[in-house]
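Engineer: Dropping in upload39.pdb, with PDB, C-alpha atoms and all ligand atoms.
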```
ATOM      1  CA  MET A  44      22.996 -21.543  -7.987
ATOM      2  CA  SER A  45      24.363 -18.165  -8.820
ATOM      3  CA  MET A  46      21.894 -15.908 -10.601
ATOM      4  CA  VAL A  47      24.181 -12.959 -11.254
ATOM      5  CA  GLU A  48      27.878 -13.471 -11.761
ATOM      6  CA  ILE A  49      30.445 -10.786 -12.458
ATOM      7  CA  THR A  50      34.092 -11.692 -12.875
ATOM      8  CA  ASP A  51      36.971  -9.260 -13.067
ATOM      9  CA  LEU A  52      34.822  -6.432 -14.420
ATOM     10  CA  ASN A  53      36.517  -3.235 -15.550
ATOM     11  CA  VAL A  54      34.521  -0.238 -16.750
ATOM     12  CA  TRP A  55      36.028   2.996 -18.007
ATOM     13  CA  PHE A  56      34.822   6.276 -19.448
ATOM     14  CA  GLY A  57      36.760   8.481 -21.856
ATOM     15  CA  THR A  58      40.184   7.983 -23.338
ATOM     16  CA  GLY A  59      43.747   9.154 -22.785
ATOM     17  CA  ARG A  60      44.145  11.741 -20.074
ATOM     18  CA  ASP A  61      40.371  12.007 -19.642
ATOM     19  CA  ARG A  62      39.964   8.329 -18.910
ATOM     20  CA  VAL A  63      38.164   7.450 -15.675
ATOM     21  CA  ASP A  64      38.469   3.861 -14.459
ATOM     22  CA  ALA A  65      35.128   3.681 -12.710
ATOM     23  CA  VAL A  66      35.215  -0.058 -11.901
ATOM     24  CA  ARG A  67      38.418  -2.046 -11.499
ATOM     25  CA  GLY A  68      38.579  -5.832 -11.298
ATOM     26  CA  ALA A  69      35.215  -6.276  -9.618
ATOM     27  CA  THR A  70      34.082  -9.830  -8.913
ATOM     28  CA  LEU A  71      30.795 -10.688  -7.271
ATOM     29  CA  SER A  72      28.009 -13.219  -7.439
ATOM     30  CA  VAL A  73      24.474 -13.305  -6.131
ATOM     31  CA  ASP A  74      22.729 -16.624  -5.609
ATOM     32  CA  GLN A  75      19.179 -17.157  -6.766
ATOM     33  CA  GLY A  76      16.823 -15.623  -4.202
ATOM     34  CA  GLN A  77      19.599 -13.774  -2.390
ATOM     35  CA  SER A  78      20.007 -10.054  -1.933
ATOM     36  CA  LEU A  79      23.398  -8.406  -2.258
ATOM     37  CA  GLY A  80      23.958  -4.828  -1.179
ATOM     38  CA  LEU A  81      26.655  -2.818  -2.887
ATOM     39  CA  VAL A  82      27.779  -0.017  -0.606
ATOM     40  CA  GLY A  83      30.418   2.676  -0.737
ATOM     41  CA  GLU A  84      30.802   6.399  -0.978
ATOM     42  CA  SER A  85      29.511   8.507  -3.818
ATOM     43  CA  GLY A  86      31.645   8.021  -6.927
ATOM     44  CA  SER A  87      32.989   4.609  -5.883
ATOM     45  CA  GLY A  88      31.523   2.862  -8.960
ATOM     46  CA  LYS A  89      28.347   1.262  -7.578
ATOM     47  CA  SER A  90      25.898   2.552 -10.189
ATOM     48  CA  THR A  91      28.383   1.798 -12.950
ATOM     49  CA  ILE A  92      28.271  -1.904 -12.048
ATOM     50  CA  LEU A  93      24.463  -1.940 -12.363
ATOM     51  CA  ARG A  94      24.636   0.062 -15.585
ATOM     52  CA  ALA A  95      27.183  -2.359 -17.031
ATOM     53  CA  LEU A  96      24.909  -5.288 -16.238
ATOM     54  CA  SER A  97      21.981  -3.468 -17.851
ATOM     55  CA  GLY A  98      23.969  -2.826 -21.025
ATOM     56  CA  LEU A  99      24.140   0.927 -20.485
ATOM     57  CA  VAL A 100      27.907   1.395 -20.714
ATOM     58  CA  SER A 101      30.008   0.833 -23.806
ATOM     59  CA  ASP A 102      33.544   0.312 -22.511
ATOM     60  CA  TRP A 103      34.030  -2.687 -20.299
ATOM     61  CA  SER A 104      36.019  -5.884 -20.013
ATOM     62  CA  GLY A 105      35.587  -8.991 -17.925
ATOM     63  CA  ARG A 106      32.693 -11.416 -17.738
ATOM     64  CA  MET A 107      29.082 -11.010 -16.703
ATOM     65  CA  SER A 108      26.351 -13.617 -16.706
ATOM     66  CA  VAL A 109      22.755 -13.819 -15.596
ATOM     67  CA  ASN A 110      21.065 -17.132 -14.921
ATOM     68  CA  GLY A 111      24.000 -18.923 -16.506
ATOM     69  CA  ALA A 112      23.873 -16.958 -19.782
ATOM     70  CA  GLU A 113      26.972 -14.947 -20.582
ATOM     71  CA  LEU A 114      26.257 -11.316 -21.491
ATOM     72  CA  GLY A 115      27.674  -9.833 -24.651
ATOM     73  CA  ARG A 116      27.688  -6.264 -25.902
ATOM     74  CA  HIS A 117      23.954  -5.878 -26.370
ATOM     75  CA  ARG A 118      20.979  -6.815 -24.261
ATOM     76  CA  SER A 119      18.044  -8.575 -25.866
ATOM     77  CA  ARG A 120      14.392  -8.126 -25.016
ATOM     78  CA  GLU A 121      14.575 -11.504 -23.257
ATOM     79  CA  PHE A 122      17.270 -10.070 -21.001
ATOM     80  CA  TYR A 123      14.853  -7.406 -19.768
ATOM     81  CA  GLN A 124      12.313 -10.101 -19.125
ATOM     82  CA  THR A 125      14.785 -11.566 -16.645
ATOM     83  CA  VAL A 126      16.421  -8.415 -15.297
ATOM     84  CA  GLN A 127      14.741  -5.121 -14.452
ATOM     85  CA  MET A 128      16.092  -1.976 -12.864
ATOM     86  CA  VAL A 129      14.630   0.523 -10.391
ATOM     87  CA  PHE A 130      16.343   3.891 -10.228
ATOM     88  CA  GLN A 131      16.855   6.415  -7.487
ATOM     89  CA  ASP A 132      14.604   9.140  -8.804
ATOM     90  CA  PRO A 133      11.143   7.899  -9.777
ATOM     91  CA  TYR A 134      10.200  11.322 -11.112
ATOM     92  CA  ALA A 135      12.981  11.238 -13.683
ATOM     93  CA  SER A 136      12.301   7.628 -14.640
ATOM     94  CA  LEU A 137       8.565   8.140 -15.364
ATOM     95  CA  HIS A 138       7.435  10.023 -18.442
ATOM     96  CA  PRO A 139       5.528  13.145 -17.294
ATOM     97  CA  ARG A 140       2.839  12.810 -20.014
ATOM     98  CA  GLN A 141       2.095   9.147 -19.373
ATOM     99  CA  THR A 142      -0.502   7.953 -16.916
ATOM    100  CA  VAL A 143       0.266   5.000 -14.676
ATOM    101  CA  ASP A 144      -1.982   2.968 -16.969
ATOM    102  CA  GLN A 145       0.052   3.945 -20.036
ATOM    103  CA  VAL A 146       3.392   3.238 -18.333
ATOM    104  CA  LEU A 147       2.325  -0.246 -17.343
ATOM    105  CA  SER A 148       0.445  -1.163 -20.521
ATOM    106  CA  GLU A 149       3.357  -0.033 -22.687
ATOM    107  CA  THR A 150       5.776  -2.298 -20.814
ATOM    108  CA  LEU A 151       3.348  -5.218 -20.825
ATOM    109  CA  GLN A 152       2.674  -4.883 -24.543
ATOM    110  CA  LEU A 153       6.355  -4.475 -25.413
ATOM    111  CA  HIS A 154       7.013  -7.822 -23.776
ATOM    112  CA  GLY A 155       3.974  -9.483 -25.302
ATOM    113  CA  MET A 156       2.269 -10.187 -21.985
ATOM    114  CA  PRO A 157      -1.372 -11.291 -22.293
ATOM    115  CA  ASP A 158      -4.301 -10.005 -20.199
ATOM    116  CA  VAL A 159      -2.963  -6.459 -19.999
ATOM    117  CA  ASP A 160      -5.991  -5.063 -18.192
ATOM    118  CA  ARG A 161      -5.992  -7.675 -15.454
ATOM    119  CA  ARG A 162      -2.217  -7.469 -15.081
ATOM    120  CA  ILE A 163      -2.312  -3.714 -14.558
ATOM    121  CA  GLU A 164      -4.818  -4.125 -11.736
ATOM    122  CA  ASP A 165      -2.697  -6.904 -10.215
ATOM    123  CA  LEU A 166       0.520  -4.892 -10.479
ATOM    124  CA  LEU A 167      -1.099  -1.914  -8.766
ATOM    125  CA  ALA A 168      -2.308  -4.215  -6.005
ATOM    126  CA  ASN A 169       1.189  -5.755  -5.703
ATOM    127  CA  VAL A 170       2.634  -2.348  -4.837
ATOM    128  CA  ASP A 171      -0.317  -1.395  -2.606
ATOM    129  CA  LEU A 172      -1.720   1.199  -4.984
ATOM    130  CA  GLY A 173      -5.458   0.963  -5.602
ATOM    131  CA  HIS A 174      -7.385   1.262  -8.829
ATOM    132  CA  ARG A 175      -7.870   5.002  -8.275
ATOM    133  CA  PHE A 176      -4.191   5.585  -9.073
ATOM    134  CA  ARG A 177      -4.409   3.908 -12.468
ATOM    135  CA  PHE A 178      -5.202   6.988 -14.547
ATOM    136  CA  ARG A 179      -3.050   9.502 -12.721
ATOM    137  CA  TYR A 180      -0.015  11.287 -14.089
ATOM    138  CA  PRO A 181       3.314  11.297 -12.197
ATOM    139  CA  HIS A 182       2.776  14.858 -10.978
ATOM    140  CA  GLN A 183      -0.428  13.710  -9.299
ATOM    141  CA  LEU A 184       1.501  11.213  -7.173
ATOM    142  CA  SER A 185       3.728  11.571  -4.118
ATOM    143  CA  GLY A 186       7.384  10.511  -4.305
ATOM    144  CA  GLY A 187       6.623   7.224  -2.585
ATOM    145  CA  GLN A 188       3.680   6.526  -4.900
ATOM    146  CA  ARG A 189       5.848   7.251  -7.933
ATOM    147  CA  GLN A 190       8.451   4.803  -6.715
ATOM    148  CA  ARG A 191       5.685   2.212  -6.262
ATOM    149  CA  VAL A 192       4.751   2.758  -9.922
ATOM    150  CA  ALA A 193       8.408   2.323 -10.946
ATOM    151  CA  ILE A 194       8.507  -0.933  -8.967
ATOM    152  CA  ALA A 195       5.242  -2.086 -10.572
ATOM    153  CA  ARG A 196       6.724  -1.369 -13.998
ATOM    154  CA  ALA A 197       9.823  -3.383 -13.088
ATOM    155  CA  LEU A 198       7.627  -6.305 -11.990
ATOM    156  CA  ALA A 199       5.519  -6.184 -15.160
ATOM    157  CA  THR A 200       7.831  -8.502 -17.108
ATOM    158  CA  GLU A 201       7.882 -10.992 -14.205
ATOM    159  CA  PRO A 202      11.667 -10.711 -13.852
ATOM    160  CA  ASP A 203      13.931 -12.953 -11.789
ATOM    161  CA  VAL A 204      16.376 -10.196 -10.882
ATOM    162  CA  LEU A 205      15.897  -6.603  -9.749
ATOM    163  CA  LEU A 206      18.768  -4.148  -9.918
ATOM    164  CA  LEU A 207      17.975  -1.395  -7.431
ATOM    165  CA  ASP A 208      19.978   1.814  -7.526
ATOM    166  CA  GLU A 209      19.426   3.782  -4.315
ATOM    167  CA  PRO A 210      15.689   3.073  -4.571
ATOM    168  CA  THR A 211      14.785   5.045  -1.449
ATOM    169  CA  SER A 212      17.370   7.786  -1.184
ATOM    170  CA  ALA A 213      15.321  10.414  -3.048
ATOM    171  CA  LEU A 214      12.354   9.848  -0.718
ATOM    172  CA  ASP A 215      11.367  11.461   2.567
ATOM    173  CA  VAL A 216      12.764   9.538   5.512
ATOM    174  CA  SER A 217       9.240   8.655   6.680
ATOM    175  CA  ILE A 218       8.516   6.989   3.316
ATOM    176  CA  GLN A 219      11.820   5.146   2.946
ATOM    177  CA  ALA A 220      10.910   2.370   5.367
ATOM    178  CA  GLU A 221       7.577   1.775   3.590
ATOM    179  CA  ILE A 222       9.300   1.258   0.268
ATOM    180  CA  LEU A 223      12.012  -0.926   1.799
ATOM    181  CA  ASN A 224       9.373  -3.108   3.437
ATOM    182  CA  LEU A 225       7.510  -3.369   0.152
ATOM    183  CA  LEU A 226      10.703  -4.440  -1.637
ATOM    184  CA  LYS A 227      11.386  -6.967   1.093
ATOM    185  CA  ASP A 228       7.896  -8.500   0.825
ATOM    186  CA  ILE A 229       8.065  -8.609  -2.974
ATOM    187  CA  ARG A 230      11.384 -10.430  -2.884
ATOM    188  CA  THR A 231      10.040 -13.056  -0.497
ATOM    189  CA  GLU A 232       6.781 -13.558  -2.400
ATOM    190  CA  ARG A 233       8.433 -13.919  -5.792
ATOM    191  CA  SER A 234      11.778 -15.327  -4.633
ATOM    192  CA  LEU A 235      13.541 -12.614  -6.570
ATOM    193  CA  THR A 236      17.271 -11.952  -6.633
ATOM    194  CA  TYR A 237      18.280  -8.407  -5.695
ATOM    195  CA  LEU A 238      21.436  -6.469  -6.396
ATOM    196  CA  MET A 239      20.969  -3.194  -4.580
ATOM    197  CA  VAL A 240      23.173  -0.139  -4.513
ATOM    198  CA  SER A 241      23.130   2.176  -1.536
ATOM    199  CA  HIS A 242      25.434   4.566   0.227
ATOM    200  CA  ASP A 243      23.484   3.818   3.408
ATOM    201  CA  LEU A 244      24.518   0.751   5.412
ATOM    202  CA  ALA A 245      21.321   0.880   7.459
ATOM    203  CA  VAL A 246      19.224   0.494   4.303
ATOM    204  CA  VAL A 247      21.356  -2.389   3.092
ATOM    205  CA  GLY A 248      21.270  -4.057   6.506
ATOM    206  CA  HIS A 249      17.476  -4.001   6.328
ATOM    207  CA  LEU A 250      17.133  -5.609   2.920
ATOM    208  CA  CYS A 251      20.272  -7.603   2.140
ATOM    209  CA  ASP A 252      21.896 -10.858   3.242
ATOM    210  CA  GLN A 253      25.302 -10.107   1.792
ATOM    211  CA  ILE A 254      27.231  -6.895   1.418
ATOM    212  CA  ALA A 255      30.033  -5.888  -0.908
ATOM    213  CA  VAL A 256      31.926  -2.725  -0.072
ATOM    214  CA  MET A 257      33.308  -0.572  -2.874
ATOM    215  CA  ASN A 258      36.002   2.052  -2.658
ATOM    216  CA  SER A 259      37.499   3.872  -5.661
ATOM    217  CA  GLY A 260      36.184   1.393  -8.204
ATOM    218  CA  GLU A 261      37.238  -1.743  -6.346
ATOM    219  CA  ILE A 262      35.359  -4.196  -4.174
ATOM    220  CA  VAL A 263      37.413  -4.050  -1.001
ATOM    221  CA  GLU A 264      35.416  -6.325   1.275
ATOM    222  CA  ARG A 265      32.512  -8.747   1.420
ATOM    223  CA  LEU A 266      30.566  -9.398   4.567
ATOM    224  CA  ASN A 267      27.237 -10.822   5.620
ATOM    225  CA  VAL A 268      24.625  -8.979   7.621
ATOM    226  CA  ASP A 269      25.614 -10.684  10.884
ATOM    227  CA  GLN A 270      29.169  -9.459  10.454
ATOM    228  CA  LEU A 271      27.818  -5.995   9.762
ATOM    229  CA  ARG A 272      25.746  -6.071  12.971
ATOM    230  CA  SER A 273      28.599  -7.422  15.063
ATOM    231  CA  ARG A 274      30.941  -4.891  13.464
ATOM    232  CA  THR A 275      33.555  -7.462  12.531
ATOM    233  CA  ALA A 276      34.624  -5.759   9.317
ATOM    234  CA  GLU A 277      38.245  -6.379   8.391
ATOM    235  CA  HIS A 278      38.910  -3.439   6.190
ATOM    236  CA  GLU A 279      39.565  -0.024   7.657
ATOM    237  CA  TYR A 280      37.423   1.604   4.998
ATOM    238  CA  THR A 281      34.451  -0.626   5.919
ATOM    239  CA  ARG A 282      34.900   0.123   9.620
ATOM    240  CA  GLN A 283      34.716   3.812   8.890
ATOM    241  CA  LEU A 284      31.599   3.303   6.826
ATOM    242  CA  ILE A 285      30.005   1.351   9.700
ATOM    243  CA  SER A 286      30.931   3.905  12.317
ATOM    244  CA  ASN A 287      29.537   6.713  10.148
ATOM    245  CA  SER A 288      26.164   5.014   9.840
ATOM    246  CA  HIS A 289      23.518   3.984  12.332
ATOM    247  CA  VAL A 290      23.469   0.207  12.131
TER     248      VAL A 290
HETATM  249  P1  LIG B 301      28.477   5.731  -7.408
HETATM  250  O1  LIG B 301      27.228   5.140  -7.977
HETATM  251  O2  LIG B 301      29.203   4.800  -6.492
HETATM  252  O3  LIG B 301      28.237   7.042  -6.756
HETATM  253  P2  LIG B 301      29.289   5.924 -10.179
HETATM  254  O4  LIG B 301      29.295   4.504 -10.597
HETATM  255  O5  LIG B 301      28.124   6.755 -10.583
HETATM  256  O6  LIG B 301      29.511   5.999  -8.598
HETATM  257  O7  LIG B 301      30.602   6.644 -10.739
HETATM  258  C1  LIG B 301      31.895   6.083 -10.621
HETATM  259  C2  LIG B 301      32.890   6.993 -11.312
HETATM  260  O8  LIG B 301      32.653   7.002 -12.714
HETATM  261  C3  LIG B 301      32.825   8.444 -10.872
HETATM  262  O9  LIG B 301      34.134   8.960 -10.863
HETATM  263  C4  LIG B 301      31.995   9.082 -11.945
HETATM  264  O10 LIG B 301      32.300  10.454 -12.062
HETATM  265  C5  LIG B 301      32.421   8.309 -13.176
HETATM  266  N1  LIG B 301      31.363   8.251 -14.194
HETATM  267  C6  LIG B 301      30.155   7.642 -14.068
HETATM  268  N2  LIG B 301      29.432   7.742 -15.204
HETATM  269  C7  LIG B 301      30.208   8.441 -16.082
HETATM  270  C8  LIG B 301      30.039   8.872 -17.433
HETATM  271  N3  LIG B 301      28.914   8.601 -18.115
HETATM  272  N4  LIG B 301      31.054   9.564 -18.001
HETATM  273  C9  LIG B 301      32.188   9.838 -17.320
HETATM  274  N5  LIG B 301      32.416   9.450 -16.046
HETATM  275  C10 LIG B 301      31.454   8.770 -15.436
HETATM  276 MG    MG B 302      25.281   5.952  -7.909
END
```
How would this structure read if it were set down as structure tokens?
Ligand code: ADP
Ligand code: MG
Structural biologist:
Amino acid sequence: MSMVEITDLNVWFGTGRDRVDAVRGATLSVDQGQSLGLVGESGSGKSTILRALSGLVSDWSGRMSVNGAELGRHRSREFYQTVQMVFQDPYASLHPRQTVDQVLSETLQLHGMPDVDRRIEDLLANVDLGHRFRFRYPHQLSGGQRQRVAIARALATEPDVLLLDEPTSALDVSIQAEILNLLKDIRTERSLTYLMVSHDLAVVGHLCDQIAVMNSGEIVERLNVDQLRSRTAEHEYTRQLISNSHV
């Protein structure tokens, strides 16, 4: 069953001569429990697709649905119980004056989750952060630890889908693999559906089963990880992307 379905999506910013067509006629679907990687150069429209799904852009046409429910203009609280997003820069996405405890309890309370105290401890354990991190502020955490907190916050609503926008690219190379492995384990344990944006084919190859390649707002090719490894891409643009990366 397809968990995320996008059909003929167009997204634009501005009007008249200032108009930018960031996404043009994009169609993709991700089955329940699958992981789709959206790759392509900077500016190709990857983040805009995730932002459109999350209800963060105003001008779009086409159809989007999650778990069979068609998305309209606005996202309900129930939507965020199903779909959560993890951003590139955990420092920017965490409030500097909120402790880890406050970040997690706020999200849990907003969504009416019971047993807040126990859940916070469980969430910290889920992302391999111990109790001693619970009352720290973001500036008292490393980049990797901050991203673990952002992942814990995303898991707090027990979502079915995670939208991941370059979740490791702001981190030191030595930390990237740790976070990727964590995301991989979490997906398996909870049979989550991932839609992950990256400009790095190696990252996508590690975490995703399917890959969609974007170029100038369009999805130009779809391939699975085996095709990526055997370098059987059809499209010239994809071949270039593969030869520029280390997969
Ligand atoms: P990617 O994530 O692949 O790097 P984006 O989806 O961020 O690309 O951007 C796609 C295009 O849309 C780019 O040309 C970008 O400049 C433009 N764009 C993105 N967000 C906005 C915005 N809020 N206002 C105007 N243009 C935007
Ligand atoms: Mg982006």
Engineer: Step by step, measure atom-to-atom distances between ligand LIG 301 (chain B) and each residue using all atoms listed in the file, keep those at most 7 Å, then write them as a ChimeraX atom specification.
Structural biologist: /A:56-57,63-65,83-92,260
Engineer: Rounded to one decimal in Å, what is the spacing between atom CA of Ile49 of chain A and atom CA of Tyr280 of chain A?
Structural biologist: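 Between these atoms lies a distance of 22.5 Å.
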Engineer: When the PyMOL selection byres (((chain A and resi 134) around 9) and not hetatm) is applied to the file above, which residues end up in the set, as a PyMOL selection string?
Structural biologist: chain A and resi 132-133+135-139+181-182+186+189-190
Engineer: Run the PyMOL selection byres (((chain A and resi 219-234) around 9) and not hetatm) mentally over the shown coordinates, then write out the matched residues as a ChimeraX atom specification, using the chain letters and numbers from the document.
Structural biologist: /A:75-78,169-171,187,190-191,194,201,203,210-218,235-237,246,249-251
Engineer: Taking only C-alpha atoms and all ligand atoms into account, name the residue in A:His117, A:His154, A:Arg60, A:Arg94 that is nearest to ligand MG 302 (chain B).
Structural biologist: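 Smallest distance to ligand MG 302 (chain B) is found for A:Arg94.
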Engineer: Which is closer to Ile262 of chain A than all the others in A:Asp165, A:Arg274, A:Thr281, A:Gln141, using all atoms listed in the file?
Structural biologist: A:Thr281
Engineer: Will you model N, CA, C and O atoms for segment 112-126 of chain A and pass it back as a compact mmCIF listing (two decimals), in the coordinates of the input?
Structural biologist:
```txt
# COMPACT_ATOMS: atom_id res chain seq x y z
N ALA A 112 23.64 -17.41 -18.40
CA ALA A 112 23.87 -16.96 -19.78
C ALA A 112 24.86 -15.80 -19.78
O ALA A 112 24.64 -14.78 -19.13
N GLU A 113 25.95 -15.99 -20.51
CA GLU A 113 26.97 -14.95 -20.58
C GLU A 113 26.46 -13.74 -21.37
O GLU A 113 25.80 -13.88 -22.40
N LEU A 114 26.73 -12.54 -20.84
CA LEU A 114 26.26 -11.32 -21.49
C LEU A 114 27.28 -10.80 -22.48
O LEU A 114 28.48 -10.74 -22.18
N GLY A 115 26.80 -10.42 -23.64
CA GLY A 115 27.67 -9.83 -24.65
C GLY A 115 27.56 -8.32 -24.63
O GLY A 115 27.32 -7.72 -23.58
N ARG A 116 27.70 -7.73 -25.78
CA ARG A 116 27.69 -6.26 -25.90
C ARG A 116 26.28 -5.69 -25.78
O ARG A 116 26.11 -4.58 -25.30
N HIS A 117 25.31 -6.42 -26.32
CA HIS A 117 23.95 -5.88 -26.37
C HIS A 117 22.99 -6.74 -25.58
O HIS A 117 23.18 -7.95 -25.49
N ARG A 118 21.98 -6.08 -25.04
CA ARG A 118 20.98 -6.82 -24.26
C ARG A 118 19.74 -7.02 -25.11
O ARG A 118 19.25 -6.09 -25.73
N SER A 119 19.24 -8.24 -25.08
CA SER A 119 18.04 -8.57 -25.87
C SER A 119 16.80 -8.24 -25.06
O SER A 119 16.86 -7.96 -23.86
N ARG A 120 15.65 -8.30 -25.72
CA ARG A 120 14.39 -8.13 -25.02
C ARG A 120 14.22 -9.20 -23.94
O ARG A 120 13.73 -8.94 -22.85
N GLU A 121 14.67 -10.41 -24.24
CA GLU A 121 14.58 -11.50 -23.26
C GLU A 121 15.36 -11.16 -21.98
O GLU A 121 14.95 -11.51 -20.88
N PHE A 122 16.48 -10.46 -22.18
CA PHE A 122 17.27 -10.07 -21.00
C PHE A 122 16.41 -9.24 -20.04
O PHE A 122 16.41 -9.46 -18.83
N TYR A 123 15.66 -8.29 -20.62
CA TYR A 123 14.85 -7.41 -19.77
C TYR A 123 13.62 -8.12 -19.23
O TYR A 123 12.95 -7.59 -18.35
N GLN A 124 13.35 -9.30 -19.75
CA GLN A 124 12.31 -10.10 -19.12
C GLN A 124 12.85 -10.77 -17.86
O GLN A 124 12.09 -11.10 -16.96
N THR A 125 14.15 -10.95 -17.81
CA THR A 125 14.78 -11.57 -16.64
C THR A 125 15.27 -10.53 -15.64
O THR A 125 15.21 -10.74 -14.44
N VAL A 126 15.79 -9.42 -16.15
CA VAL A 126 16.42 -8.41 -15.30
C VAL A 126 15.73 -7.07 -15.48
O VAL A 126 15.58 -6.59 -16.60
```
